[in-house]
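Read the structure below first, then the notes.
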Amino acid sequence: MPELLQIRPQAESLPEEETFPSVEISADFREFTQAESVEKLVHLAQEILADPTFPTARAWRKAGGKAVGCFPVYTPQELVHSFGMLPVAMQGGGENLEISRADAALGSFLCSISKSTLEMALTGLLDPFDAFVFPYICDVSRNLDGIFARVLPQKPSHMLHLPQNFASPATIPFLVAEYRSLIAKLERVAGRPFSQEDLRASIAVFNEQRELVERLAALKRETPWKVTLVEYYLLLRLGGLLPREVHVPLLRRALAELEGRERKSKDAIRVIVIGPFCEQPTLELLQLLEDVGCYVVGEEFQMLHRWCPRIEPGANPLESLAASYVRTPVDIGVRSTPTTKAAAVLERVDASRAQGVVFLTAKFCEPALEDVVLYRRALEGRGLPYLHMEFEEKSTTYEQARLQLETFVESILFD
Ligand code: SF4
């Protein structure tokens with residue numbers, strides 16, 4: 001494994017008083033603003049992800065700020081930001097977190113992210129947060145909101161209802177009303193009233209971030225040899241952890257370096273990866289995809305930055321924000337659009353000139369698994385190859401995954 005992926009030892013092998021590697025970030029985030037290369041940023045990102053105590057949220061608090069933990073997949077982050085608070089993506093505990101208490105509270109047939117999120121709540125790892133948002137993307141997320149209200153009663157938790165009928169004229173007003181109910185809680189946490197002007201300014205910041213994220217995705221799609229999948233993923237992942245005002249210039253610098261890279265293209269197949277929109281696969285698994293000869297030219301990583309293209313705030317920025325969710329062209333597992341799924345997956349294959357699809361779904365993730373059935377039918381109709389693999393947060397062995405992927409790649413290369 002290359003040096004970049006030498007992640008720190010797992011929690012159980014560390015002494016009890018030092019369960020996690022403790023990463024301290026300066027309150028002004030200078031480690032990131034002064035990082036001189038993509039390699040340095042990738043190292044920093046790995047360090048942060050190996051530490052489940054949310055180092056960036058702790059740094060933000062050191063400077064006197066408040067932070068809101070946002071469960072995947074969609075939270076109107078602009079709203080949180082408009083109150084001067086930091087929206088932080090809570091995307092599970094990763095490989096370093098041992099699950100002990102949450103196992104007793106949740107069934108064994110649930111996805112890992114639900115258990116690691118609860119474990120973090122029960123063990124004080126979510127202390128840097130002042131409030132939480134759980135979008136209603138599935139029964140698991142819905143129940144987590146209720147559980148959080150009981151286990152962390154001193155910290156407001158909000159379940160954001162999301163529409164599933166995107167054609168009704170009542171949908172946008174419904175979502176605006178949902179936003180208003182979230183706003184009422186955010187006002188109490190922030191100690192200041194909602195302001196349309198602040199929201200407009202926040203939308204501008206997130207527009208900038210989305211534009212750069214799209215540029216990075218285009219770079220990966222068109223010249224996948226210039227940026228590795230792990231680099232690509234970590235640059236996106238930082239975007240949900242850092243203040244966006246830090247991530248935007250960082251991403252701009254990274255793009256300038258990556259776009260100018262001179263690297264040769266390998267003999268690899270072009271694939272899109274569908275499924276990991278909520279729980280996150282390990283970095284080792286991502287690296288394995290490229291090691292066996294896949295260029296990932298389309299995927300569902302870090303959808304929090306990619307729900308919609310640019311938002312024009314207009315006269316009513318709250319309504320524009322709601323419209324951006326309702327009218328998004330993004331069609332992933334947590335949006336109930338069964339009649340458009342088949343066309344959507346084929347469109348994605350065509351747009352990325354993919355030769356095959358890898359379904360990489362979290363174990364026990366119902367929204368992802370239900371869609372695989374619809375997607376498979378569409379791909380089979382076109383004669384497009386696909387492979388379905390499941391993952392968990394704490395994957396330790398990759399031999400079977402390697403074998404499956406190698407067989408898949410060879411079946412396309414020697415077809
Ligand atoms: S991984 Fe799937 S089942 Fe689990 S919380 Fe996310 S969307 Fe729901």
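Labels used: A, B, ... for chains in the order of the structure tokens, numbers from 1 for residues in each chain, and numbers from 1 for ligands as shown.
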Excluding stretch 274-280 of chain A and its own-chain neighbours fewer than 5 positions away, which residues fall within 8 Å of it when counting only C-alpha atoms? Please give them as JSON, numbers by chain. {"A": [72, 73, 91, 92, 94, 111, 112, 113, 299, 300, 301, 302, 303, 332, 333, 357, 358, 359, 360, 361, 362, 368, 393]}
Could you give me the residues within stretch 96-341 of chain A that DSSP places in alpha helix (DSSP H), as a ChimeraX atom specification? /A:101-105,112-122,139-151,171-190,196-222,229-238,244-259,283-291,317-326,341
C-alpha atoms of the current selection, written as a short mmCIF file (atom, residue, chain, number, x, y, z; two decimals), in the first residue's frame:
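The new file again-v6.cif reads:
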data_model
loop_
_atom_site.label_atom_id
_atom_site.label_comp_id
_atom_site.auth_asym_id
_atom_site.auth_seq_id
_atom_site.Cartn_x
_atom_site.Cartn_y
_atom_site.Cartn_z
CA ARG A 101 -22.84 0.46 23.55
CA ALA A 102 -24.77 1.08 20.33
CA ASP A 103 -24.78 -2.64 19.55
CA ALA A 104 -26.91 -3.18 22.62
CA ALA A 105 -29.39 -0.51 21.54
CA SER A 112 -22.90 0.60 10.31
CA ILE A 113 -23.34 4.38 10.10
CA SER A 114 -26.42 4.21 12.34
CA LYS A 115 -24.51 2.31 14.99
CA SER A 116 -21.34 4.38 14.84
CA THR A 117 -23.35 7.61 14.98
CA LEU A 118 -25.18 6.43 18.08
CA GLU A 119 -21.95 5.13 19.61
CA MET A 120 -20.42 8.59 19.16
CA ALA A 121 -23.43 10.17 20.84
CA LEU A 122 -23.21 7.77 23.77
CA ASP A 139 -36.38 4.64 8.70
CA VAL A 140 -32.93 4.46 10.24
CA SER A 141 -32.26 8.20 10.03
CA ARG A 142 -35.79 8.93 11.24
CA ASN A 143 -35.26 6.81 14.34
CA LEU A 144 -31.84 8.27 15.03
CA ASP A 145 -33.44 11.67 15.47
CA GLY A 146 -35.75 10.28 18.17
CA ILE A 147 -32.91 8.40 19.85
CA PHE A 148 -30.74 11.53 19.89
CA ALA A 149 -33.53 13.51 21.53
CA ARG A 150 -33.41 10.95 24.35
CA VAL A 151 -29.69 10.37 24.73
CA THR A 171 -44.01 20.52 -2.87
CA ILE A 172 -41.93 23.69 -2.69
CA PRO A 173 -44.26 25.39 -0.14
CA PHE A 174 -44.13 22.15 1.90
CA LEU A 175 -40.34 22.21 1.94
CA VAL A 176 -40.26 25.92 2.77
CA ALA A 177 -42.50 25.15 5.77
CA GLU A 178 -40.09 22.38 6.80
CA TYR A 179 -37.19 24.80 6.51
CA ARG A 180 -39.09 27.27 8.69
CA SER A 181 -39.44 24.69 11.39
CA LEU A 182 -35.68 24.02 11.21
CA ILE A 183 -35.03 27.76 11.25
CA ALA A 184 -37.00 28.11 14.50
CA LYS A 185 -34.59 25.67 16.16
CA LEU A 186 -31.49 27.18 14.59
CA GLU A 187 -32.54 30.62 15.84
CA ARG A 188 -32.63 29.31 19.38
CA VAL A 189 -29.24 27.59 19.06
CA ALA A 190 -27.55 30.57 17.38
CA GLN A 196 -32.81 36.70 4.16
CA GLU A 197 -29.69 38.76 3.50
CA ASP A 198 -27.52 36.36 5.50
CA LEU A 199 -29.03 33.45 3.59
CA ARG A 200 -28.25 35.17 0.28
CA ALA A 201 -24.62 35.59 1.34
CA SER A 202 -24.43 31.94 2.40
CA ILE A 203 -25.92 30.74 -0.88
CA ALA A 204 -23.14 32.65 -2.67
CA VAL A 205 -20.46 30.83 -0.63
CA PHE A 206 -21.99 27.42 -1.34
CA ASN A 207 -22.41 28.27 -5.04
CA GLU A 208 -18.69 28.84 -5.20
CA GLN A 209 -18.01 25.54 -3.45
CA ARG A 210 -20.38 23.64 -5.76
CA GLU A 211 -18.79 25.16 -8.84
CA LEU A 212 -15.31 24.00 -7.74
CA VAL A 213 -16.60 20.57 -6.74
CA GLU A 214 -18.13 20.23 -10.20
CA ARG A 215 -14.80 21.24 -11.75
CA LEU A 216 -13.06 18.54 -9.74
CA ALA A 217 -15.68 15.96 -10.78
CA ALA A 218 -15.20 16.97 -14.43
CA LEU A 219 -11.44 16.58 -14.06
CA LYS A 220 -11.91 13.08 -12.64
CA ARG A 221 -14.37 12.22 -15.40
CA GLU A 222 -12.33 13.51 -18.32
CA LEU A 229 -9.77 8.28 -6.38
CA VAL A 230 -8.51 8.65 -2.81
CA GLU A 231 -7.28 12.21 -3.45
CA TYR A 232 -10.54 13.07 -5.16
CA TYR A 233 -12.64 11.63 -2.35
CA LEU A 234 -10.65 13.28 0.43
CA LEU A 235 -10.76 16.70 -1.22
CA LEU A 236 -14.54 16.37 -1.39
CA ARG A 237 -14.81 15.01 2.13
CA LEU A 238 -12.91 17.98 3.57
CA ARG A 244 -16.52 26.54 3.54
CA GLU A 245 -14.52 29.77 3.44
CA VAL A 246 -11.44 27.61 4.08
CA HIS A 247 -12.43 24.80 1.71
CA VAL A 248 -13.15 27.04 -1.29
CA PRO A 249 -9.64 28.55 -1.70
CA LEU A 250 -8.09 25.21 -0.74
CA LEU A 251 -9.99 23.48 -3.52
CA ARG A 252 -9.11 26.19 -5.99
CA ARG A 253 -5.39 25.72 -5.24
CA ALA A 254 -5.72 21.94 -5.41
CA LEU A 255 -7.46 22.16 -8.78
CA ALA A 256 -4.72 24.36 -10.21
CA GLU A 257 -2.15 21.74 -9.18
CA LEU A 258 -4.17 18.75 -10.36
CA GLU A 259 -5.15 20.26 -13.70
CA LEU A 283 -10.14 4.47 1.80
CA GLU A 284 -8.61 1.03 1.26
CA LEU A 285 -11.66 -0.04 -0.71
CA LEU A 286 -11.47 3.09 -2.85
CA GLN A 287 -7.82 2.49 -3.51
CA LEU A 288 -8.55 -1.12 -4.40
CA LEU A 289 -10.91 0.02 -7.16
CA GLU A 290 -8.06 1.79 -8.89
CA ASP A 291 -5.45 -0.85 -8.07
CA PRO A 317 -33.87 32.91 -1.15
CA LEU A 318 -35.66 30.42 1.13
CA GLU A 319 -37.98 29.42 -1.69
CA SER A 320 -35.04 29.24 -4.12
CA LEU A 321 -33.25 26.92 -1.71
CA ALA A 322 -36.31 24.65 -1.53
CA ALA A 323 -36.72 24.72 -5.32
CA SER A 324 -33.09 23.69 -5.77
CA TYR A 325 -33.78 20.46 -3.85
CA VAL A 326 -37.12 19.76 -5.49
CA LYS A 341 -34.37 5.57 -12.24
#
8 Å contact set for A:Cys138, only C-alpha atoms, chain neighbours under 5 positions out, as an MDAnalysis selection string: chainID A and resid 334 366:367
Could you turn the residues from that selection into a file that holds C-alpha atoms, as a PDB file, in the first residue's frame?
ATOM      1  CA  VAL A 334     -32.901   8.504  -1.107  1.00  0.00           C
ATOM      2  CA  GLU A 366     -32.464  -0.412   2.067  1.00  0.00           C
ATOM      3  CA  PRO A 367     -32.682   2.719  -0.123  1.00  0.00           C
TER       4      PRO A 367
END
Best match for closeness to A:Ile25 among A:Ile269, A:Leu242, A:Val88, A:Ala170, counting only C-alpha atoms: A:Leu242
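Compared by their closest atoms to A:Glu95, and using only C-alpha atoms, the residues A:Gly356, A:Pro224, A:Pro52, A:Pro338 rank with A:Pro52 nearest.
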